Amino acid sequence: MSVFVKICGICRKADLDTVLAAKPDAVGFVFWPRSPRAVDPETVARWSESVPASVLRVAVMVDPDETQLREVLDRCAPDAVQLHRLAVSPRDTADRCERVLGASAQAPERWAACTPTEALTDESFRRFDRILLDAFDRARVGGTGRCCDWTAARRAAGELEPPVILAGGLSPANLTDALAAVRPAGVDVSSGVESAPGEKDPDKVKRFIELCRTPS
Ligand SMILES: O=C(O)c1ccccc1NCC(=O)[C@H](O)[C@H](O)COP(=O)(O)O
């Protein structure tokens, strides 16, 4: 059995090449200027020709308004948009997504990032194509290196209709335990496969993806 795996926070072309060589299912680019992993949509558009069609390109954004969503669609045509929140409600986030992304010819997948408790308690998350369960930190928002509540994540993975992707604090060292505890449809990692913020470690990336391809 193989588990869907996304490597997030890629902001250097050499890292993108390293990650692609390890054959992930998706790669994530953070379009949020306050992140140490920030990159801009034009750069990602230039890199896109090196990404095989089988690998999803995911645009990661924080509280984007409709103009920002349209700009990202126009500039780099992502396969999915992953939305993290600071101030916007889950319902307003879902509304914006449906108005802008649902109406676009490209119709990228809509992913919501939230804590497991939010996913279980707010119906709005069921309006997304996938739910990414993550730890939350008001200063960093994502890429925190902290695990979310795996007990609540297990419930969410079992109860919610949209496929659940487990994120937050994963690494080659705890991935096998996380898969056994939560049984998610997929996993996502950023800092757990880095040597420093924004710098991917080739050995950790390779090991993480290998573990996803042969879970026990
Ligand atoms: O990575 C960031 O710096 C970031 C900043 C703001 C919003 C989202 C961000 N990353 C999103 C991701 O998908 C991360 O992979 C996810 O939060 C897990 O991160 P980590 O705990 O470091 O594996």
# chains A, B, ... in the order shown; residues from 1 in each chain; ligands from 1

$ residues_near_ligand --ligand "ligand 1" --cutoff "9 Å" --atoms "only C-alpha atoms and all ligand atoms" --output "number ranges by chain"
A: 6-10, 28-38, 60-62, 82-85, 113, 132-136, 140-148, 166-171, 188-194, 197-198

$ write_last_selection --atoms "N, CA and C atoms" --output "compact mmCIF listing (two decimals), in the first residue's frame"
# COMPACT_ATOMS: atom_id res chain seq x y z
N LYS A 6 2.78 14.71 0.15
CA LYS A 6 3.09 16.05 -0.36
C LYS A 6 4.29 16.60 0.41
N ILE A 7 5.26 17.11 -0.34
CA ILE A 7 6.39 17.80 0.28
C ILE A 7 6.14 19.30 0.11
N CYS A 8 6.07 20.00 1.23
CA CYS A 8 5.66 21.41 1.19
C CYS A 8 6.82 22.36 1.49
N GLY A 9 6.61 23.63 1.15
CA GLY A 9 7.58 24.67 1.50
C GLY A 9 8.83 24.66 0.64
N ILE A 10 8.66 24.30 -0.62
CA ILE A 10 9.82 24.29 -1.53
C ILE A 10 10.03 25.71 -2.06
N GLY A 28 4.36 21.53 -2.58
CA GLY A 28 3.67 22.74 -2.12
C GLY A 28 4.58 23.95 -2.12
N PHE A 29 4.00 25.09 -2.49
CA PHE A 29 4.73 26.35 -2.56
C PHE A 29 3.97 27.37 -1.70
N VAL A 30 4.68 28.01 -0.78
CA VAL A 30 4.02 28.92 0.16
C VAL A 30 4.04 30.34 -0.38
N PHE A 31 2.86 30.86 -0.69
CA PHE A 31 2.72 32.23 -1.20
C PHE A 31 2.26 33.13 -0.05
N TRP A 32 3.09 33.21 0.95
CA TRP A 32 2.78 34.05 2.12
C TRP A 32 4.09 34.73 2.52
N PRO A 33 4.19 36.04 2.33
CA PRO A 33 5.48 36.72 2.48
C PRO A 33 6.14 36.55 3.84
N ARG A 34 5.34 36.29 4.89
CA ARG A 34 5.93 36.18 6.24
C ARG A 34 6.57 34.83 6.50
N SER A 35 6.42 33.89 5.60
CA SER A 35 7.01 32.55 5.81
C SER A 35 8.49 32.54 5.43
N PRO A 36 9.32 31.80 6.18
CA PRO A 36 10.72 31.63 5.76
C PRO A 36 10.83 30.80 4.49
N ARG A 37 9.70 30.24 4.05
CA ARG A 37 9.67 29.41 2.84
C ARG A 37 8.92 30.11 1.71
N ALA A 38 8.75 31.42 1.82
CA ALA A 38 7.95 32.15 0.83
C ALA A 38 8.63 32.12 -0.54
N VAL A 60 -0.05 27.30 -1.53
CA VAL A 60 -0.40 27.44 -0.12
C VAL A 60 -0.55 28.93 0.19
N MET A 61 -1.73 29.31 0.71
CA MET A 61 -2.02 30.73 0.96
C MET A 61 -2.65 30.89 2.34
N VAL A 62 -2.53 32.12 2.88
CA VAL A 62 -3.11 32.44 4.19
C VAL A 62 -4.13 33.56 4.00
N GLN A 82 -4.32 25.40 -1.23
CA GLN A 82 -4.43 24.99 0.19
C GLN A 82 -4.53 26.24 1.04
N LEU A 83 -5.67 26.38 1.72
CA LEU A 83 -5.93 27.63 2.42
C LEU A 83 -5.79 27.48 3.94
N HIS A 84 -4.86 28.27 4.49
CA HIS A 84 -4.70 28.39 5.95
C HIS A 84 -5.40 29.67 6.37
N ARG A 85 -5.83 29.74 7.65
CA ARG A 85 -6.59 30.90 8.12
C ARG A 85 -5.95 31.53 9.34
N ALA A 113 -6.79 23.89 5.38
CA ALA A 113 -5.91 23.51 6.48
C ALA A 113 -6.57 23.92 7.79
N LEU A 132 -6.53 19.26 5.28
CA LEU A 132 -5.17 19.06 5.79
C LEU A 132 -5.17 19.39 7.27
N LEU A 133 -4.93 18.39 8.08
CA LEU A 133 -4.93 18.57 9.54
C LEU A 133 -3.53 18.95 9.99
N ASP A 134 -3.44 20.08 10.68
CA ASP A 134 -2.13 20.64 11.01
C ASP A 134 -2.17 21.21 12.43
N ALA A 135 -1.00 21.43 13.00
CA ALA A 135 -0.92 22.21 14.24
C ALA A 135 -1.10 23.68 13.86
N PHE A 136 -1.55 24.50 14.79
CA PHE A 136 -1.71 25.92 14.48
C PHE A 136 -0.87 26.76 15.42
N ARG A 140 3.44 31.68 13.14
CA ARG A 140 3.98 31.02 11.94
C ARG A 140 2.89 30.46 11.03
N VAL A 141 1.71 30.23 11.57
CA VAL A 141 0.55 29.68 10.88
C VAL A 141 0.77 28.21 10.48
N GLY A 142 1.74 27.95 9.61
CA GLY A 142 2.05 26.57 9.22
C GLY A 142 3.55 26.38 9.25
N GLY A 143 3.98 25.16 8.91
CA GLY A 143 5.42 24.88 8.95
C GLY A 143 5.98 24.99 10.34
N THR A 144 5.18 24.60 11.35
CA THR A 144 5.57 24.81 12.75
C THR A 144 6.49 23.72 13.29
N GLY A 145 6.47 22.54 12.68
CA GLY A 145 7.22 21.42 13.22
C GLY A 145 6.57 20.80 14.43
N ARG A 146 5.32 21.19 14.70
CA ARG A 146 4.60 20.65 15.86
C ARG A 146 3.51 19.69 15.41
N CYS A 147 3.36 18.59 16.12
CA CYS A 147 2.31 17.62 15.79
C CYS A 147 0.94 18.15 16.21
N CYS A 148 -0.09 17.78 15.44
CA CYS A 148 -1.46 18.07 15.89
C CYS A 148 -1.93 16.92 16.78
N LEU A 166 -2.67 14.24 6.82
CA LEU A 166 -2.09 14.56 8.12
C LEU A 166 -0.81 15.38 7.91
N ALA A 167 -0.73 16.52 8.63
CA ALA A 167 0.46 17.38 8.57
C ALA A 167 0.83 17.77 10.00
N GLY A 168 1.93 18.47 10.12
CA GLY A 168 2.34 19.01 11.41
C GLY A 168 3.33 18.11 12.14
N GLY A 169 4.58 18.53 12.14
CA GLY A 169 5.59 17.85 12.95
C GLY A 169 5.96 16.45 12.49
N LEU A 170 5.62 16.10 11.26
CA LEU A 170 6.00 14.77 10.77
C LEU A 170 7.46 14.77 10.32
N SER A 171 8.07 13.59 10.38
CA SER A 171 9.46 13.44 9.95
C SER A 171 9.69 11.96 9.69
N ASP A 188 1.69 15.20 4.76
CA ASP A 188 2.32 16.42 4.27
C ASP A 188 3.44 16.77 5.25
N VAL A 189 4.58 17.21 4.71
CA VAL A 189 5.70 17.55 5.59
C VAL A 189 6.44 18.74 5.02
N SER A 190 6.97 19.55 5.93
CA SER A 190 7.83 20.66 5.50
C SER A 190 9.10 20.66 6.35
N SER A 191 9.02 21.16 7.60
CA SER A 191 10.25 21.32 8.39
C SER A 191 10.91 20.00 8.75
N GLY A 192 10.13 18.91 8.80
CA GLY A 192 10.69 17.62 9.19
C GLY A 192 11.61 17.01 8.14
N VAL A 193 11.68 17.59 6.96
CA VAL A 193 12.62 17.10 5.93
C VAL A 193 13.57 18.24 5.52
N GLU A 194 13.83 19.15 6.48
CA GLU A 194 14.73 20.28 6.21
C GLU A 194 16.01 20.17 7.04
N PRO A 197 15.32 26.19 8.04
CA PRO A 197 14.06 26.66 7.46
C PRO A 197 14.23 27.04 5.98
N GLY A 198 13.45 26.39 5.12
CA GLY A 198 13.50 26.69 3.69
C GLY A 198 14.53 25.89 2.92

$ select_by_dssp --residues "region 49-202 of chain A" --states "alpha helix (DSSP H)" --output "ChimeraX atom specification"
/A:66-76,90-100,116-121,150-159,175-182,202

$ residues_around --residues "Val72 (chain A)" --least-positions-apart "6" --cutoff "10 Å" --atoms "only C-alpha atoms" --output "number ranges by chain"
A: 31, 40-42, 45, 59, 61, 64, 78, 81

$ write_last_selection --atoms "N, CA and C atoms" --output "compact mmCIF listing (two decimals), in the first residue's frame"
# COMPACT_ATOMS: atom_id res chain seq x y z
N PHE A 31 2.86 30.86 -0.69
CA PHE A 31 2.72 32.23 -1.20
C PHE A 31 2.26 33.13 -0.05
N ASP A 40 7.38 33.30 -4.89
CA ASP A 40 6.30 34.02 -5.57
C ASP A 40 5.75 33.20 -6.75
N PRO A 41 4.50 33.47 -7.11
CA PRO A 41 3.83 32.66 -8.15
C PRO A 41 4.56 32.68 -9.49
N GLU A 42 5.19 33.80 -9.85
CA GLU A 42 5.90 33.86 -11.14
C GLU A 42 7.06 32.86 -11.15
N ALA A 45 5.69 29.47 -11.57
CA ALA A 45 5.25 29.28 -12.96
C ALA A 45 6.45 28.88 -13.83
N ALA A 59 -0.70 25.46 -4.31
CA ALA A 59 -0.45 26.84 -3.88
C ALA A 59 -0.95 26.99 -2.46
N MET A 61 -1.73 29.31 0.71
CA MET A 61 -2.02 30.73 0.96
C MET A 61 -2.65 30.89 2.34
N PRO A 64 -6.33 34.47 1.79
CA PRO A 64 -6.32 35.27 0.56
C PRO A 64 -7.70 35.88 0.29
N PRO A 78 -2.16 26.62 -10.45
CA PRO A 78 -1.91 25.45 -9.59
C PRO A 78 -2.96 24.36 -9.79
N VAL A 81 -5.31 24.52 -4.40
CA VAL A 81 -5.03 25.67 -3.54
C VAL A 81 -5.31 25.22 -2.10

$ residues_around --residues "Arg213 (chain A)" --least-positions-apart "2" --cutoff "12 Å" --atoms "only C-alpha atoms" --output "ChimeraX atom specification"
/A:1-5,22-25,175-176,179,186-187,206-211,215-216

$ select_by_dssp --residues "chain A" --states "strand (DSSP E)" --output "ChimeraX atom specification"
/A:4-7,26-30,56-62,80-84,109-114,130-133,164-166,186-189,194-196,199-200

$ closest_residue --among "A:Ala157, A:Ala173, A:Leu101, A:Ala21" --to "Asp79 (chain A)" --atoms "only C-alpha atoms"
A:Leu101

$ atom_distance --atom1 "CA of Leu56 (chain A)" --atom2 "CA of Ala77 (chain A)"
11.0 Å

$ decode --residues "region 27-43 of chain A" --atoms "all heavy atoms" --output "PDB file, in the first residue's frame"
ATOM      1  N   VAL A  27       3.659  18.675  -4.582  1.00  0.00           N
ATOM      2  CA  VAL A  27       4.653  19.610  -4.042  1.00  0.00           C
ATOM      3  C   VAL A  27       3.931  20.901  -3.693  1.00  0.00           C
ATOM      4  O   VAL A  27       2.998  21.323  -4.389  1.00  0.00           O
ATOM      5  CB  VAL A  27       5.797  19.889  -5.066  1.00  0.00           C
ATOM      6  CG1 VAL A  27       6.726  18.686  -5.156  1.00  0.00           C
ATOM      7  CG2 VAL A  27       5.259  20.256  -6.444  1.00  0.00           C
ATOM      8  N   GLY A  28       4.356  21.531  -2.581  1.00  0.00           N
ATOM      9  CA  GLY A  28       3.671  22.738  -2.121  1.00  0.00           C
ATOM     10  C   GLY A  28       4.579  23.948  -2.117  1.00  0.00           C
ATOM     11  O   GLY A  28       5.768  23.851  -1.779  1.00  0.00           O
ATOM     12  N   PHE A  29       3.999  25.086  -2.494  1.00  0.00           N
ATOM     13  CA  PHE A  29       4.730  26.355  -2.556  1.00  0.00           C
ATOM     14  C   PHE A  29       3.970  27.367  -1.697  1.00  0.00           C
ATOM     15  O   PHE A  29       2.761  27.549  -1.873  1.00  0.00           O
ATOM     16  CB  PHE A  29       4.815  26.844  -4.006  1.00  0.00           C
ATOM     17  CG  PHE A  29       5.403  25.812  -4.929  1.00  0.00           C
ATOM     18  CD1 PHE A  29       4.586  25.020  -5.731  1.00  0.00           C
ATOM     19  CD2 PHE A  29       6.779  25.602  -4.976  1.00  0.00           C
ATOM     20  CE1 PHE A  29       5.125  24.049  -6.567  1.00  0.00           C
ATOM     21  CE2 PHE A  29       7.331  24.640  -5.799  1.00  0.00           C
ATOM     22  CZ  PHE A  29       6.505  23.859  -6.607  1.00  0.00           C
ATOM     23  N   VAL A  30       4.682  28.014  -0.783  1.00  0.00           N
ATOM     24  CA  VAL A  30       4.024  28.916   0.164  1.00  0.00           C
ATOM     25  C   VAL A  30       4.043  30.344  -0.382  1.00  0.00           C
ATOM     26  O   VAL A  30       5.103  30.967  -0.507  1.00  0.00           O
ATOM     27  CB  VAL A  30       4.711  28.848   1.542  1.00  0.00           C
ATOM     28  CG1 VAL A  30       4.035  29.802   2.522  1.00  0.00           C
ATOM     29  CG2 VAL A  30       4.690  27.419   2.101  1.00  0.00           C
ATOM     30  N   PHE A  31       2.855  30.856  -0.692  1.00  0.00           N
ATOM     31  CA  PHE A  31       2.716  32.233  -1.198  1.00  0.00           C
ATOM     32  C   PHE A  31       2.263  33.133  -0.047  1.00  0.00           C
ATOM     33  O   PHE A  31       1.158  33.679  -0.057  1.00  0.00           O
ATOM     34  CB  PHE A  31       1.700  32.277  -2.342  1.00  0.00           C
ATOM     35  CG  PHE A  31       2.076  31.441  -3.534  1.00  0.00           C
ATOM     36  CD1 PHE A  31       1.097  30.815  -4.296  1.00  0.00           C
ATOM     37  CD2 PHE A  31       3.399  31.282  -3.913  1.00  0.00           C
ATOM     38  CE1 PHE A  31       1.434  30.052  -5.411  1.00  0.00           C
ATOM     39  CE2 PHE A  31       3.752  30.519  -5.027  1.00  0.00           C
ATOM     40  CZ  PHE A  31       2.762  29.903  -5.767  1.00  0.00           C
ATOM     41  N   TRP A  32       3.090  33.209   0.951  1.00  0.00           N
ATOM     42  CA  TRP A  32       2.781  34.055   2.117  1.00  0.00           C
ATOM     43  C   TRP A  32       4.089  34.726   2.520  1.00  0.00           C
ATOM     44  O   TRP A  32       5.021  34.043   2.980  1.00  0.00           O
ATOM     45  CB  TRP A  32       2.228  33.201   3.268  1.00  0.00           C
ATOM     46  CG  TRP A  32       1.665  33.992   4.400  1.00  0.00           C
ATOM     47  CD1 TRP A  32       0.699  34.948   4.337  1.00  0.00           C
ATOM     48  CD2 TRP A  32       2.024  33.881   5.788  1.00  0.00           C
ATOM     49  NE1 TRP A  32       0.418  35.441   5.586  1.00  0.00           N
ATOM     50  CE2 TRP A  32       1.223  34.801   6.497  1.00  0.00           C
ATOM     51  CE3 TRP A  32       2.925  33.098   6.495  1.00  0.00           C
ATOM     52  CZ2 TRP A  32       1.303  34.958   7.880  1.00  0.00           C
ATOM     53  CZ3 TRP A  32       3.006  33.251   7.873  1.00  0.00           C
ATOM     54  CH2 TRP A  32       2.191  34.175   8.555  1.00  0.00           C
ATOM     55  N   PRO A  33       4.192  36.037   2.330  1.00  0.00           N
ATOM     56  CA  PRO A  33       5.481  36.721   2.478  1.00  0.00           C
ATOM     57  C   PRO A  33       6.136  36.552   3.843  1.00  0.00           C
ATOM     58  O   PRO A  33       7.358  36.632   3.943  1.00  0.00           O
ATOM     59  CB  PRO A  33       5.132  38.194   2.228  1.00  0.00           C
ATOM     60  CG  PRO A  33       3.802  38.202   1.574  1.00  0.00           C
ATOM     61  CD  PRO A  33       3.107  36.927   1.918  1.00  0.00           C
ATOM     62  N   ARG A  34       5.339  36.293   4.895  1.00  0.00           N
ATOM     63  CA  ARG A  34       5.929  36.183   6.236  1.00  0.00           C
ATOM     64  C   ARG A  34       6.568  34.828   6.502  1.00  0.00           C
ATOM     65  O   ARG A  34       7.190  34.625   7.544  1.00  0.00           O
ATOM     66  CB  ARG A  34       4.859  36.492   7.292  1.00  0.00           C
ATOM     67  CG  ARG A  34       4.596  37.996   7.396  1.00  0.00           C
ATOM     68  CD  ARG A  34       3.261  38.330   8.032  1.00  0.00           C
ATOM     69  NE  ARG A  34       3.040  37.740   9.321  1.00  0.00           N
ATOM     70  CZ  ARG A  34       1.882  37.778   9.985  1.00  0.00           C
ATOM     71  NH1 ARG A  34       0.835  38.411   9.442  1.00  0.00           N
ATOM     72  NH2 ARG A  34       1.747  37.220  11.146  1.00  0.00           N
ATOM     73  N   SER A  35       6.417  33.885   5.601  1.00  0.00           N
ATOM     74  CA  SER A  35       7.006  32.553   5.811  1.00  0.00           C
ATOM     75  C   SER A  35       8.490  32.541   5.433  1.00  0.00           C
ATOM     76  O   SER A  35       8.882  33.155   4.437  1.00  0.00           O
ATOM     77  CB  SER A  35       6.278  31.519   4.947  1.00  0.00           C
ATOM     78  OG  SER A  35       6.991  30.300   4.937  1.00  0.00           O
ATOM     79  N   PRO A  36       9.324  31.798   6.175  1.00  0.00           N
ATOM     80  CA  PRO A  36      10.721  31.629   5.759  1.00  0.00           C
ATOM     81  C   PRO A  36      10.832  30.797   4.487  1.00  0.00           C
ATOM     82  O   PRO A  36      11.924  30.669   3.916  1.00  0.00           O
ATOM     83  CB  PRO A  36      11.363  30.903   6.952  1.00  0.00           C
ATOM     84  CG  PRO A  36      10.239  30.249   7.673  1.00  0.00           C
ATOM     85  CD  PRO A  36       9.019  31.120   7.450  1.00  0.00           C
ATOM     86  N   ARG A  37       9.699  30.242   4.055  1.00  0.00           N
ATOM     87  CA  ARG A  37       9.673  29.412   2.843  1.00  0.00           C
ATOM     88  C   ARG A  37       8.924  30.113   1.705  1.00  0.00           C
ATOM     89  O   ARG A  37       8.511  29.467   0.737  1.00  0.00           O
ATOM     90  CB  ARG A  37       9.005  28.068   3.156  1.00  0.00           C
ATOM     91  CG  ARG A  37       9.630  27.373   4.331  1.00  0.00           C
ATOM     92  CD  ARG A  37       8.923  26.122   4.761  1.00  0.00           C
ATOM     93  NE  ARG A  37       9.625  25.598   5.924  1.00  0.00           N
ATOM     94  CZ  ARG A  37       9.360  25.930   7.199  1.00  0.00           C
ATOM     95  NH1 ARG A  37       8.334  26.730   7.466  1.00  0.00           N
ATOM     96  NH2 ARG A  37      10.089  25.459   8.177  1.00  0.00           N
ATOM     97  N   ALA A  38       8.747  31.417   1.825  1.00  0.00           N
ATOM     98  CA  ALA A  38       7.952  32.148   0.826  1.00  0.00           C
ATOM     99  C   ALA A  38       8.631  32.120  -0.543  1.00  0.00           C
ATOM    100  O   ALA A  38       9.858  32.205  -0.654  1.00  0.00           O
ATOM    101  CB  ALA A  38       7.760  33.595   1.278  1.00  0.00           C
ATOM    102  N   VAL A  39       7.784  32.004  -1.563  1.00  0.00           N
ATOM    103  CA  VAL A  39       8.235  32.061  -2.959  1.00  0.00           C
ATOM    104  C   VAL A  39       7.107  32.773  -3.715  1.00  0.00           C
ATOM    105  O   VAL A  39       5.999  32.883  -3.195  1.00  0.00           O
ATOM    106  CB  VAL A  39       8.500  30.613  -3.471  1.00  0.00           C
ATOM    107  CG1 VAL A  39       7.255  29.766  -3.494  1.00  0.00           C
ATOM    108  CG2 VAL A  39       9.183  30.604  -4.827  1.00  0.00           C
ATOM    109  N   ASP A  40       7.384  33.304  -4.895  1.00  0.00           N
ATOM    110  CA  ASP A  40       6.303  34.022  -5.574  1.00  0.00           C
ATOM    111  C   ASP A  40       5.753  33.203  -6.745  1.00  0.00           C
ATOM    112  O   ASP A  40       6.442  32.344  -7.294  1.00  0.00           O
ATOM    113  CB  ASP A  40       6.761  35.414  -6.024  1.00  0.00           C
ATOM    114  CG  ASP A  40       7.911  35.341  -6.976  1.00  0.00           C
ATOM    115  OD1 ASP A  40       7.676  35.055  -8.163  1.00  0.00           O
ATOM    116  OD2 ASP A  40       9.059  35.511  -6.519  1.00  0.00           O
ATOM    117  N   PRO A  41       4.497  33.468  -7.112  1.00  0.00           N
ATOM    118  CA  PRO A  41       3.834  32.655  -8.146  1.00  0.00           C
ATOM    119  C   PRO A  41       4.561  32.681  -9.490  1.00  0.00           C
ATOM    120  O   PRO A  41       4.563  31.674 -10.206  1.00  0.00           O
ATOM    121  CB  PRO A  41       2.443  33.290  -8.251  1.00  0.00           C
ATOM    122  CG  PRO A  41       2.222  33.975  -6.955  1.00  0.00           C
ATOM    123  CD  PRO A  41       3.556  34.431  -6.476  1.00  0.00           C
ATOM    124  N   GLU A  42       5.190  33.796  -9.853  1.00  0.00           N
ATOM    125  CA  GLU A  42       5.903  33.856 -11.144  1.00  0.00           C
ATOM    126  C   GLU A  42       7.063  32.864 -11.151  1.00  0.00           C
ATOM    127  O   GLU A  42       7.323  32.193 -12.161  1.00  0.00           O
ATOM    128  CB  GLU A  42       6.433  35.268 -11.416  1.00  0.00           C
ATOM    129  CG  GLU A  42       5.371  36.280 -11.824  1.00  0.00           C
ATOM    130  CD  GLU A  42       4.574  36.797 -10.626  1.00  0.00           C
ATOM    131  OE1 GLU A  42       4.953  36.515  -9.468  1.00  0.00           O
ATOM    132  OE2 GLU A  42       3.557  37.470 -10.863  1.00  0.00           O
ATOM    133  N   THR A  43       7.781  32.790 -10.041  1.00  0.00           N
ATOM    134  CA  THR A  43       8.901  31.840  -9.949  1.00  0.00           C
ATOM    135  C   THR A  43       8.388  30.412 -10.091  1.00  0.00           C
ATOM    136  O   THR A  43       8.945  29.599 -10.843  1.00  0.00           O
ATOM    137  CB  THR A  43       9.628  32.019  -8.596  1.00  0.00           C
ATOM    138  OG1 THR A  43      10.079  33.363  -8.517  1.00  0.00           O
ATOM    139  CG2 THR A  43      10.800  31.067  -8.470  1.00  0.00           C
TER     140      THR A  43
END
